[in-house]
file my_file17.txt (compact mmCIF, C-alpha atoms and all ligand atoms)
# COMPACT_ATOMS: atom_id res chain seq x y z
CA MET A 1 -128.00 62.53 115.04
CA GLU A 2 -128.34 62.06 111.30
CA ILE A 3 -126.71 64.71 109.11
CA ASN A 4 -128.18 64.53 105.65
CA LEU A 5 -126.44 66.84 103.19
CA ILE A 6 -127.47 64.96 100.05
CA SER A 7 -129.76 67.80 98.97
CA ASP A 8 -131.87 70.66 100.30
CA THR A 9 -134.90 68.56 99.31
CA VAL A 10 -134.52 66.32 102.37
CA THR A 11 -136.04 68.83 104.80
CA LYS A 12 -139.22 67.95 106.68
CA PRO A 13 -141.94 70.49 107.47
CA THR A 14 -141.42 72.34 110.74
CA ARG A 15 -144.07 72.04 113.46
CA GLU A 16 -145.26 75.58 112.63
CA MET A 17 -145.46 74.79 108.91
CA LEU A 18 -147.40 71.59 109.63
CA SER A 19 -149.96 73.31 111.82
CA PHE A 20 -150.38 76.05 109.19
CA MET A 21 -150.98 73.30 106.59
CA MET A 22 -153.58 71.64 108.84
CA GLU A 23 -155.56 74.87 108.99
CA ALA A 24 -155.71 75.31 105.19
CA GLU A 25 -159.05 75.86 103.54
CA VAL A 26 -159.18 73.50 100.56
CA GLY A 27 -161.31 72.63 97.54
CA ASP A 28 -161.02 70.76 94.25
CA ASP A 29 -158.20 72.50 92.40
CA VAL A 30 -159.01 70.73 89.11
CA PHE A 31 -162.18 72.87 89.17
CA MET A 32 -159.99 75.80 90.29
CA ALA A 33 -161.88 75.78 93.56
CA ASP A 34 -159.06 75.49 96.08
CA PRO A 35 -158.75 78.91 97.76
CA THR A 36 -155.33 78.17 99.25
CA VAL A 37 -153.83 77.19 95.89
CA ILE A 38 -155.31 80.35 94.35
CA LYS A 39 -153.83 82.38 97.19
CA LEU A 40 -150.34 80.92 96.66
CA GLN A 41 -150.51 81.51 92.90
CA GLU A 42 -151.69 85.10 93.35
CA LYS A 43 -149.07 85.75 96.02
CA LEU A 44 -146.20 84.63 93.80
CA ALA A 45 -147.52 86.35 90.66
CA LYS A 46 -147.78 89.62 92.60
CA MET A 47 -144.36 89.16 94.17
CA PHE A 48 -142.72 88.74 90.74
CA GLY A 49 -144.90 91.33 89.00
CA MET A 50 -146.06 88.67 86.54
CA GLN A 51 -149.63 88.17 85.33
CA ASP A 52 -150.32 84.65 86.49
CA ALA A 53 -148.96 81.52 88.19
CA LEU A 54 -149.74 77.82 88.38
CA PHE A 55 -149.03 75.28 91.14
CA PHE A 56 -147.21 72.06 90.15
CA PRO A 57 -146.34 68.82 91.97
CA SER A 58 -142.68 69.12 90.92
CA GLY A 59 -140.11 71.46 89.45
CA THR A 60 -139.50 68.97 86.66
CA MET A 61 -143.13 69.18 85.58
CA ALA A 62 -143.08 72.99 85.74
CA ASN A 63 -139.95 73.11 83.53
CA GLN A 64 -141.29 70.51 81.12
CA THR A 65 -144.54 72.44 80.81
CA ALA A 66 -142.60 75.63 80.04
CA ILE A 67 -140.60 73.83 77.35
CA LYS A 68 -143.77 72.45 75.80
CA LEU A 69 -145.59 75.76 75.73
CA HIS A 70 -142.68 77.65 74.12
CA THR A 71 -141.76 75.10 71.43
CA LYS A 72 -143.15 72.79 68.76
CA PRO A 73 -141.83 69.31 67.87
CA ALA A 74 -138.45 69.36 66.02
CA ASP A 75 -137.47 72.75 67.49
CA GLN A 76 -134.32 73.16 69.51
CA LEU A 77 -133.86 74.81 72.88
CA ILE A 78 -130.61 76.45 73.92
CA CYS A 79 -129.20 75.68 77.38
CA ASP A 80 -125.95 74.99 79.18
CA LYS A 81 -124.40 71.50 78.92
CA TRP A 82 -124.94 71.17 82.70
CA ALA A 83 -128.59 72.30 82.68
CA HIS A 84 -131.10 70.43 84.82
CA VAL A 85 -133.61 70.46 81.92
CA TYR A 86 -131.07 68.53 79.83
CA ASN A 87 -129.35 66.30 82.40
CA TYR A 88 -131.80 65.53 85.17
CA GLU A 89 -135.31 65.48 83.75
CA GLY A 90 -135.12 62.01 82.23
CA GLY A 91 -134.80 63.21 78.64
CA GLY A 92 -138.20 64.87 79.02
CA ALA A 93 -137.53 67.62 76.50
CA ALA A 94 -137.34 64.95 73.77
CA PHE A 95 -140.10 62.77 75.19
CA ASN A 96 -142.69 65.42 76.13
CA SER A 97 -142.03 68.11 73.55
CA GLY A 98 -140.08 66.39 70.77
CA VAL A 99 -137.34 68.99 70.97
CA SER A 100 -133.56 68.65 71.06
CA CYS A 101 -131.12 70.71 73.10
CA SER A 102 -128.35 72.86 71.68
CA LEU A 103 -125.78 72.75 74.46
CA ILE A 104 -123.59 75.70 75.33
CA ASP A 105 -120.15 74.98 76.79
CA GLY A 106 -120.49 77.41 79.67
CA SER A 107 -118.76 77.89 82.98
CA ARG A 108 -120.35 76.50 86.18
CA GLY A 109 -123.63 76.14 84.31
CA MET A 110 -123.65 79.76 83.09
CA PHE A 111 -122.84 81.27 79.70
CA ARG A 112 -122.56 84.57 77.82
CA ALA A 113 -124.92 86.30 75.42
CA GLU A 114 -122.43 85.92 72.53
CA GLN A 115 -122.51 82.16 73.02
CA VAL A 116 -126.29 82.23 72.67
CA LYS A 117 -125.92 84.26 69.48
CA TYR A 118 -123.61 81.58 68.01
CA ALA A 119 -126.11 78.86 68.94
CA VAL A 120 -129.08 80.51 67.19
CA HIS A 121 -129.97 78.93 63.85
CA ASP A 122 -131.07 80.64 60.67
CA PRO A 123 -134.84 79.99 60.48
CA GLU A 124 -134.65 80.04 56.66
CA ASN A 125 -132.26 77.06 56.56
CA ILE A 126 -134.45 73.97 56.30
CA HIS A 127 -131.61 71.59 57.26
CA ILE A 128 -131.27 72.69 60.85
CA PRO A 129 -133.77 72.85 63.71
CA GLU A 130 -135.40 76.13 64.62
CA THR A 131 -134.11 77.54 67.89
CA THR A 132 -137.15 78.88 69.72
CA LEU A 133 -136.27 78.85 73.43
CA VAL A 134 -133.38 79.76 75.72
CA ALA A 135 -133.40 78.24 79.21
CA VAL A 136 -131.14 79.40 82.05
CA GLU A 137 -130.82 78.15 85.62
CA ASN A 138 -130.28 80.32 88.73
CA THR A 139 -128.67 79.20 90.96
CA THR A 140 -127.01 76.47 88.93
CA ASN A 141 -127.32 73.02 90.44
CA LYS A 142 -124.45 71.14 88.80
CA GLY A 143 -122.52 74.42 88.80
CA GLY A 144 -122.41 74.31 92.61
CA GLY A 145 -125.02 76.91 93.50
CA ALA A 146 -123.44 79.61 91.34
CA CYS A 147 -125.39 82.85 90.78
CA TRP A 148 -125.73 84.59 87.42
CA ASP A 149 -124.55 88.10 86.75
CA TYR A 150 -127.86 89.92 86.25
CA ASN A 151 -126.40 92.09 83.47
CA GLU A 152 -125.56 89.00 81.44
CA LEU A 153 -129.17 87.82 81.82
CA ILE A 154 -130.31 91.16 80.35
CA LYS A 155 -127.93 90.74 77.41
CA ILE A 156 -129.31 87.24 76.76
CA LYS A 157 -132.85 88.66 76.91
CA ASN A 158 -131.85 91.07 74.13
CA VAL A 159 -130.61 88.17 72.00
CA CYS A 160 -133.94 86.38 72.62
CA ASN A 161 -135.82 89.48 71.48
CA GLU A 162 -133.64 89.89 68.41
CA TYR A 163 -134.21 86.30 67.25
CA ASN A 164 -137.76 85.90 68.51
CA MET A 165 -136.95 83.21 71.08
CA ALA A 166 -138.76 82.63 74.37
CA TYR A 167 -136.78 82.99 77.61
CA HIS A 168 -137.31 80.55 80.50
CA LEU A 169 -135.73 80.62 83.95
CA ASP A 170 -135.35 77.39 85.88
CA GLY A 171 -135.46 79.11 89.26
CA ALA A 172 -135.52 75.99 91.44
CA ARG A 173 -133.17 77.87 93.81
CA LEU A 174 -133.84 81.43 92.65
CA PHE A 175 -134.50 82.61 96.20
CA ASN A 176 -130.98 81.53 97.20
CA ALA A 177 -129.59 83.71 94.40
CA MET A 178 -131.82 86.67 95.27
CA VAL A 179 -130.98 86.80 98.98
CA GLU A 180 -127.29 86.41 98.21
CA LYS A 181 -127.16 89.12 95.52
CA ASN A 182 -129.79 91.47 97.00
CA GLU A 183 -132.00 91.10 93.94
CA THR A 184 -135.80 91.22 93.95
CA PRO A 185 -138.39 88.91 92.39
CA LYS A 186 -139.55 91.81 90.19
CA ASP A 187 -136.03 92.07 88.69
CA TYR A 188 -136.62 88.56 87.37
CA GLY A 189 -140.32 88.90 86.60
CA LYS A 190 -139.67 91.66 84.09
CA LEU A 191 -136.97 89.69 82.26
CA PHE A 192 -138.39 86.23 81.65
CA ASP A 193 -141.38 84.84 79.77
CA THR A 194 -141.71 82.02 82.29
CA ILE A 195 -140.07 81.21 85.64
CA SER A 196 -140.26 77.98 87.62
CA ILE A 197 -139.77 78.15 91.40
CA CYS A 198 -139.28 75.20 93.78
CA LEU A 199 -140.92 75.47 97.19
CA SER A 200 -139.54 72.06 98.17
CA LYS A 201 -135.83 72.94 98.11
CA GLY A 202 -134.25 75.48 100.45
CA LEU A 203 -137.63 77.01 101.26
CA GLY A 204 -138.52 73.82 103.10
CA ALA A 205 -142.00 72.89 101.85
CA PRO A 206 -142.54 69.12 101.50
CA VAL A 207 -143.92 69.30 97.95
CA GLY A 208 -144.56 71.89 95.28
CA SER A 209 -143.34 74.15 92.52
CA VAL A 210 -144.90 77.09 90.72
CA LEU A 211 -144.67 78.26 87.12
CA LEU A 212 -145.02 82.01 86.52
CA GLY A 213 -145.86 83.73 83.24
CA SER A 214 -148.34 85.77 81.24
CA LYS A 215 -152.10 85.02 81.34
CA GLU A 216 -151.77 83.46 77.91
CA HIS A 217 -148.83 81.22 78.84
CA ILE A 218 -150.45 80.05 82.07
CA LYS A 219 -153.68 79.26 80.24
CA LYS A 220 -151.68 76.95 77.97
CA ALA A 221 -149.79 75.59 80.99
CA LEU A 222 -153.08 74.61 82.64
CA ARG A 223 -153.92 72.32 79.70
CA ILE A 224 -150.39 70.87 79.56
CA ARG A 225 -150.36 70.21 83.33
CA LYS A 226 -153.59 68.24 82.94
CA LEU A 227 -152.11 66.33 80.01
CA PHE A 228 -149.00 65.48 82.09
CA GLY A 229 -151.22 64.17 84.89
CA GLY A 230 -150.30 66.96 87.29
CA ALA A 231 -153.75 68.40 88.03
CA MET A 232 -154.42 67.71 91.71
CA ARG A 233 -157.52 67.87 93.91
CA GLN A 234 -157.37 69.22 97.52
CA CYS A 235 -153.74 70.28 97.18
CA GLY A 236 -154.32 73.45 99.21
CA TYR A 237 -152.67 71.60 102.12
CA LEU A 238 -149.47 71.57 100.05
CA ALA A 239 -149.92 75.12 98.77
CA ALA A 240 -150.27 76.24 102.40
CA ALA A 241 -146.77 74.90 103.08
CA GLY A 242 -145.58 77.06 100.19
CA ILE A 243 -147.30 80.17 101.58
CA TYR A 244 -145.76 79.52 104.99
CA ALA A 245 -142.32 79.04 103.42
CA LEU A 246 -142.56 82.31 101.47
CA ASP A 247 -143.59 84.16 104.64
CA HIS A 248 -140.97 82.65 106.96
CA HIS A 249 -138.14 80.88 105.18
CA ILE A 250 -136.71 83.29 102.62
CA MET A 251 -134.29 85.43 104.59
CA ARG A 252 -133.03 82.47 106.62
CA LEU A 253 -131.49 81.06 103.43
CA LYS A 254 -128.54 83.31 104.31
CA GLU A 255 -127.85 81.02 107.28
CA ASP A 256 -127.55 78.06 104.92
CA HIS A 257 -125.08 80.02 102.81
CA LEU A 258 -123.00 80.92 105.87
CA ARG A 259 -122.90 77.30 107.03
CA ALA A 260 -121.82 76.18 103.54
CA LYS A 261 -118.98 78.72 103.67
CA LYS A 262 -117.98 77.44 107.13
CA ILE A 263 -117.84 73.87 105.80
CA GLY A 264 -115.67 75.24 102.98
CA GLU A 265 -113.25 76.70 105.53
CA ILE A 266 -113.08 73.37 107.37
CA LEU A 267 -112.44 71.46 104.13
CA SER A 268 -109.71 73.86 103.05
CA GLY A 269 -107.75 72.92 106.18
CA LEU A 270 -107.81 69.19 105.37
CA SER A 271 -104.86 67.65 103.55
CA TYR A 272 -107.00 65.05 101.75
CA VAL A 273 -109.18 67.66 100.01
CA SER A 274 -107.63 68.84 96.75
CA ASN A 275 -110.13 71.35 95.43
CA ILE A 276 -113.16 73.29 96.64
CA GLU A 277 -115.28 75.14 94.10
CA LYS A 278 -116.27 78.72 94.83
CA ILE A 279 -119.10 78.72 97.40
CA GLU A 280 -121.80 81.30 96.67
CA THR A 281 -124.96 79.81 98.14
CA ASN A 282 -125.92 76.50 99.80
CA ILE A 283 -124.19 74.02 97.48
CA LEU A 284 -120.60 72.99 97.99
CA ILE A 285 -118.65 70.90 95.48
CA PHE A 286 -115.21 69.54 96.29
CA ASN A 287 -112.67 66.96 95.18
CA LEU A 288 -110.57 64.56 97.19
CA ASP A 289 -106.86 64.12 96.70
CA LYS A 290 -106.05 61.41 94.15
CA SER A 291 -104.57 59.22 96.90
CA VAL A 292 -107.95 58.99 98.64
CA SER A 293 -110.62 56.44 97.76
CA GLU A 294 -113.93 58.22 97.27
CA ASN A 295 -115.85 55.12 98.38
CA GLU A 296 -113.86 54.78 101.59
CA PHE A 297 -114.45 58.44 102.40
CA ILE A 298 -118.20 58.19 101.78
CA GLU A 299 -118.43 54.94 103.80
CA PHE A 300 -116.55 56.57 106.68
CA LEU A 301 -119.00 59.47 106.75
CA ASN A 302 -122.00 57.14 106.44
CA LYS A 303 -120.73 55.19 109.45
CA HIS A 304 -121.02 58.46 111.36
CA SER A 305 -124.54 59.05 109.95
CA ILE A 306 -123.33 61.78 107.58
CA TYR A 307 -124.61 61.64 104.02
CA LEU A 308 -123.50 63.40 100.84
CA ILE A 309 -123.48 62.49 97.15
CA SER A 310 -120.94 61.91 94.44
CA MET A 311 -121.59 63.79 91.20
CA GLY A 312 -119.13 61.73 89.16
CA GLU A 313 -115.77 62.84 87.77
CA GLY A 314 -114.46 62.83 91.36
CA LYS A 315 -116.81 65.60 92.48
CA LEU A 316 -118.54 65.36 95.86
CA ARG A 317 -121.50 67.55 96.75
CA LEU A 318 -122.84 68.85 100.07
CA VAL A 319 -126.02 70.91 100.31
CA THR A 320 -126.96 72.88 103.43
CA HIS A 321 -130.61 73.47 104.38
CA LEU A 322 -133.24 74.23 107.00
CA ASP A 323 -132.66 71.00 108.95
CA PHE A 324 -128.86 71.43 109.15
CA THR A 325 -127.98 73.08 112.45
CA ASP A 326 -124.84 74.54 114.05
CA LYS A 327 -124.68 71.48 116.30
CA MET A 328 -124.54 69.28 113.21
CA LEU A 329 -121.88 71.55 111.73
CA ASP A 330 -119.73 70.92 114.84
CA LYS A 331 -120.16 67.18 114.55
CA LEU A 332 -119.39 67.29 110.83
CA GLU A 333 -116.15 69.15 111.57
CA GLN A 334 -115.08 66.57 114.18
CA VAL A 335 -115.79 63.64 111.86
CA LEU A 336 -114.04 65.25 108.86
CA LYS A 337 -110.95 65.86 110.98
CA LYS A 338 -110.94 62.24 112.14
CA PHE A 339 -110.73 60.78 108.61
CA LYS A 340 -107.32 59.22 108.00
CA VAL A 341 -106.03 58.73 104.49
C1 LIG A 401 -134.53 70.31 91.85
C2 LIG A 401 -134.42 71.03 90.57
C3 LIG A 401 -135.49 71.07 89.66
C4 LIG A 401 -136.81 70.36 89.86
O1 LIG A 401 -136.75 69.22 90.54
P1 LIG A 401 -137.98 68.40 91.15
O2 LIG A 401 -137.28 67.41 91.98
O3 LIG A 401 -138.72 67.84 90.00
O4 LIG A 401 -138.84 69.33 91.93
C5 LIG A 401 -135.32 71.80 88.52
N1 LIG A 401 -134.19 72.48 88.28
C6 LIG A 401 -133.16 72.49 89.14
C7 LIG A 401 -131.95 73.30 88.83
C8 LIG A 401 -133.24 71.77 90.32
O5 LIG A 401 -132.21 71.79 91.17

call {"tool": "encode", "arguments": {"input": "my_file17.txt", "output": "structure tokens", "more": "lines below"}}
Ligand SMILES: *Cc1c(COP(=O)(O)O)cnc(C)c1O
result
Amino acid sequence: MEINLISDTVTKPTREMLSFMMEAEVGDDVFMADPTVIKLQEKLAKMFGMQDALFFPSGTMANQTAIKLHTKPADQLICDKWAHVYNYEGGGAAFNSGVSCSLIDGSRGMFRAEQVKYAVHDPENIHIPETTLVAVENTTNKGGGACWDYNELIKIKNVCNEYNMAYHLDGARLFNAMVEKNETPKDYGKLFDTISICLSKGLGAPVGSVLLGSKEHIKKALRIRKLFGGAMRQCGYLAAAGIYALDHHIMRLKEDHLRAKKIGEILSGLSYVSNIEKIETNILIFNLDKSVSENEFIEFLNKHSIYLISMGEGKLRLVTHLDFTDKMLDKLEQVLKKFKV
């Protein structure tokens, strides 16, 4: 039994999802003639109360498209120092859009409206870049699946309005935040100019992300997606997986959160674990005691077919997901208790 907790992207389509995909009616989406892709886009736009949506091969491309459509070269975007758009998209903001990032020193990947206000530049000052976009992430990836306080997001929206900046949400794991905090997609749809959603994370689709926004923004996004090489042909098979995930895999995310909390309880009883970050959703970050070799610990787990990742600075990360069962949780507990320092 392999227990892969490297990420919630490792899930494979369920039998039911696969057979739903096989039944999809498809067409050439570059000619906007794939009915299943259109259905997915309309479904999500309606769900969020936003005007339009566009299917993407990856969350990275959806975020990069949002950055490109909200900025011009030499602008600056404001985000947290831990943001995925800054750390994990290969420097794409600079490469694709020619923009730099003004990094906020936040907490667990989140920050306050006053910090955004300090980061905004005077557009009349020719020496400094224009700040034209604020990007937030919910839940935060490097922040260990932390969820934003919705009121703070409203305050940041007000700062964006005041200084004429666009507001983008990297919602790769937004559904995890919404089920945990009892929030609705419309709460988010009314706040942001654009939102990216990953179908391939906790929702369990094999491929696919969606960018949501106004008609005007999505029209621009369509051109940028083509330019980035992300326009696909009969991708309705993939969109069908997304439709199935939205219909069947949202509320079950709570199970992933419960299992993450259970792992947290197990870890807190182990002498060789020194710190466990607050567990809100499906990501769990912890540190080992200084006397323990991180490599030895990881090798020990790997020998028992258990996989996790190191995030550097002594942080280890576990992510629970659709393919992680209670039986695996039991085995994980046994193996963790067997590790000798
Ligand atoms: C996974 C992720 C993305 C997009 O990743 P892809 O692998 O390109 O789909 C974007 N933002 C965050 C916070 C993520 O965790």

call {"tool": "closest_atom_pairs", "arguments": {"input": "my_file17.txt", "of": "chain A", "to": "ligand LIG 401 (chain A)", "cutoff": "6 Å", "atoms": "all atoms listed in the file", "output": "Markdown table"}}
result
| residue | atom | partner | partner_atom | distance |
| --- | --- | --- | --- | --- |
| A:Ser58 | CA | A:LIG401 | O4 | 4.0 |
| A:Gly59 | CA | A:LIG401 | C4 | 3.5 |
| A:Thr60 | CA | A:LIG401 | O3 | 3.6 |
| A:His84 | CA | A:LIG401 | C7 | 5.0 |
| A:Glu137 | CA | A:LIG401 | C7 | 5.9 |
| A:Thr140 | CA | A:LIG401 | C7 | 5.9 |
| A:Asn141 | CA | A:LIG401 | C7 | 4.9 |
| A:Asp170 | CA | A:LIG401 | N1 | 5.6 |
| A:Ala172 | CA | A:LIG401 | C6 | 4.8 |

call {"tool": "write_last_selection", "arguments": {"input": "my_file17.txt", "atoms": "C-alpha atoms", "output": "compact mmCIF listing (two decimals), keeping the file's coordinate frame"}}
result
# COMPACT_ATOMS: atom_id res chain seq x y z
CA SER A 58 -142.68 69.12 90.92
CA GLY A 59 -140.11 71.46 89.45
CA THR A 60 -139.50 68.97 86.66
CA HIS A 84 -131.10 70.43 84.82
CA GLU A 137 -130.82 78.15 85.62
CA THR A 140 -127.01 76.47 88.93
CA ASN A 141 -127.32 73.02 90.44
CA ASP A 170 -135.35 77.39 85.88
CA ALA A 172 -135.52 75.99 91.44

call {"tool": "atom_distance", "arguments": {"input": "my_file17.txt", "atom1": "CA of Arg233 in chain A", "atom2": "CA of Ser196 in chain A"}}
result
21.0 Å

call {"tool": "residues_around", "arguments": {"input": "my_file17.txt", "residues": "range 62-74 of chain A", "least_positions_apart": "2", "cutoff": "8 Å", "atoms": "all atoms listed in the file", "output": "tab-separated table (two decimals) with C-alpha atoms, in the coordinates of the input"}}
result
chain	number	residue	atom	x	y	z
A	56	PHE	CA	-147.21	72.06	90.15
A	58	SER	CA	-142.68	69.12	90.92
A	59	GLY	CA	-140.11	71.46	89.45
A	60	THR	CA	-139.50	68.97	86.66
A	76	GLN	CA	-134.32	73.16	69.51
A	85	VAL	CA	-133.61	70.46	81.92
A	92	GLY	CA	-138.20	64.87	79.02
A	93	ALA	CA	-137.53	67.62	76.50
A	96	ASN	CA	-142.69	65.42	76.13
A	97	SER	CA	-142.03	68.11	73.55
A	98	GLY	CA	-140.08	66.39	70.77
A	99	VAL	CA	-137.34	68.99	70.97
A	100	SER	CA	-133.56	68.65	71.06
A	129	PRO	CA	-133.77	72.85	63.71
A	130	GLU	CA	-135.40	76.13	64.62
A	132	THR	CA	-137.15	78.88	69.72
A	133	LEU	CA	-136.27	78.85	73.43
A	166	ALA	CA	-138.76	82.63	74.37
A	168	HIS	CA	-137.31	80.55	80.50
A	170	ASP	CA	-135.35	77.39	85.88
A	194	THR	CA	-141.71	82.02	82.29
A	196	SER	CA	-140.26	77.98	87.62
A	209	SER	CA	-143.34	74.15	92.52
A	210	VAL	CA	-144.90	77.09	90.72
A	211	LEU	CA	-144.67	78.26	87.12
A	217	HIS	CA	-148.83	81.22	78.84
A	220	LYS	CA	-151.68	76.95	77.97
A	221	ALA	CA	-149.79	75.59	80.99
A	224	ILE	CA	-150.39	70.87	79.56
A	225	ARG	CA	-150.36	70.21	83.33

call {"tool": "atom_distance", "arguments": {"input": "my_file17.txt", "atom1": "CA of Arg173 in chain A", "atom2": "CA of Ala33 in chain A"}}
result
28.8 Å

call {"tool": "atom_distance", "arguments": {"input": "my_file17.txt", "atom1": "CA of Tyr307 in chain A", "atom2": "CA of Leu5 in chain A"}}
result
5.6 Å

call {"tool": "closest_residue", "arguments": {"input": "my_file17.txt", "among": "A:Val341, A:Lys186, A:Asp149, A:Asp193", "to": "Asn164 in chain A", "atoms": "all atoms listed in the file"}}
result
A:Asp193

call {"tool": "residues_near_point", "arguments": {"input": "my_file17.txt", "point": "(-118.8, 62.5, 111.6)", "cutoff": "8 Å", "atoms": "only C-alpha atoms", "output": "number ranges by chain"}}
result
A: 301, 303-306, 331-336, 338

call {"tool": "closest_residue", "arguments": {"input": "my_file17.txt", "among": "A:Glu162, A:Glu114, A:Asp247, A:Asp122", "to": "Leu44 in chain A", "atoms": "all atoms listed in the file"}}
result
A:Asp247

call {"tool": "residues_around", "arguments": {"input": "my_file17.txt", "residues": "Leu169 in chain A", "least_positions_apart": "5", "cutoff": "6 Å", "atoms": "all atoms listed in the file", "output": "JSON, numbers by chain"}}
result
{"A": [135, 136, 137, 195]}

call {"tool": "write_last_selection", "arguments": {"input": "my_file17.txt", "atoms": "C-alpha atoms", "output": "CSV table (one decimal), keeping the file's coordinate frame"}}
result
chain,number,residue,atom,x,y,z
A,135,ALA,CA,-133.4,78.2,79.2
A,136,VAL,CA,-131.1,79.4,82.0
A,137,GLU,CA,-130.8,78.2,85.6
A,195,ILE,CA,-140.1,81.2,85.6

call {"tool": "residues_around", "arguments": {"input": "my_file17.txt", "residues": "Asn275 in chain A", "least_positions_apart": "5", "cutoff": "8 Å", "atoms": "all atoms listed in the file", "output": "PDB file with C-alpha atoms, in the coordinates of the input"}}
result
ATOM      1  CA  PHE A 286    -115.210  69.540  96.290  1.00  0.00           C
ATOM      2  CA  ASN A 287    -112.670  66.960  95.180  1.00  0.00           C
ATOM      3  CA  LEU A 288    -110.570  64.560  97.190  1.00  0.00           C
TER       4      LEU A 288
END

call {"tool": "closest_residue", "arguments": {"input": "my_file17.txt", "among": "A:Lys12, A:Glu124, A:Phe55, A:Ser268", "to": "Cys198 in chain A", "atoms": "only C-alpha atoms"}}
result
A:Phe55

call {"tool": "closest_residue", "arguments": {"input": "my_file17.txt", "among": "A:Thr325, A:Arg259, A:Gly143, A:Arg252", "to": "Ile285 in chain A", "atoms": "all atoms listed in the file"}}
result
A:Gly143

call {"tool": "closest_residue", "arguments": {"input": "my_file17.txt", "among": "A:Lys201, A:His249, A:Arg223, A:Lys340", "to": "Asn282 in chain A", "atoms": "all atoms listed in the file"}}
result
A:Lys201

call {"tool": "build_atoms", "arguments": {"input": "my_file17.txt", "residues": "range 82-93 of chain A", "atoms": "N, CA, C and O atoms", "output": "short mmCIF file (atom, residue, chain, number, x, y, z; two decimals), in the frame of the given file"}}
result
data_model
loop_
_atom_site.label_atom_id
_atom_site.label_comp_id
_atom_site.auth_asym_id
_atom_site.auth_seq_id
_atom_site.Cartn_x
_atom_site.Cartn_y
_atom_site.Cartn_z
N TRP A 82 -124.67 71.68 81.35
CA TRP A 82 -124.94 71.17 82.70
C TRP A 82 -126.39 71.39 83.13
O TRP A 82 -126.74 71.10 84.28
N ALA A 83 -127.23 71.92 82.28
CA ALA A 83 -128.59 72.30 82.68
C ALA A 83 -129.41 71.13 83.22
O ALA A 83 -129.34 70.01 82.71
N HIS A 84 -130.19 71.42 84.25
CA HIS A 84 -131.10 70.43 84.82
C HIS A 84 -132.08 69.94 83.76
O HIS A 84 -132.35 68.75 83.65
N VAL A 85 -132.61 70.85 82.94
CA VAL A 85 -133.61 70.46 81.92
C VAL A 85 -133.02 69.45 80.93
O VAL A 85 -133.75 68.65 80.35
N TYR A 86 -131.72 69.48 80.75
CA TYR A 86 -131.07 68.53 79.83
C TYR A 86 -130.60 67.27 80.54
O TYR A 86 -130.77 66.17 80.03
N ASN A 87 -130.01 67.43 81.72
CA ASN A 87 -129.35 66.30 82.40
C ASN A 87 -130.22 65.49 83.35
O ASN A 87 -130.02 64.30 83.51
N TYR A 88 -131.15 66.17 84.02
CA TYR A 88 -131.80 65.53 85.17
C TYR A 88 -133.32 65.46 85.07
O TYR A 88 -133.99 65.35 86.09
N GLU A 89 -133.85 65.59 83.87
CA GLU A 89 -135.31 65.48 83.75
C GLU A 89 -135.68 64.32 82.85
O GLU A 89 -136.69 64.34 82.14
N GLY A 90 -134.83 63.29 82.88
CA GLY A 90 -135.12 62.01 82.23
C GLY A 90 -135.24 62.08 80.71
O GLY A 90 -135.87 61.20 80.11
N GLY A 91 -134.64 63.09 80.10
CA GLY A 91 -134.80 63.21 78.64
C GLY A 91 -136.17 63.75 78.28
O GLY A 91 -136.64 63.58 77.14
N GLY A 92 -136.82 64.39 79.22
CA GLY A 92 -138.20 64.87 79.02
C GLY A 92 -138.37 65.84 77.88
O GLY A 92 -139.44 65.86 77.24
N ALA A 93 -137.38 66.65 77.59
CA ALA A 93 -137.53 67.62 76.50
C ALA A 93 -137.83 66.88 75.20
O ALA A 93 -138.72 67.27 74.43
#
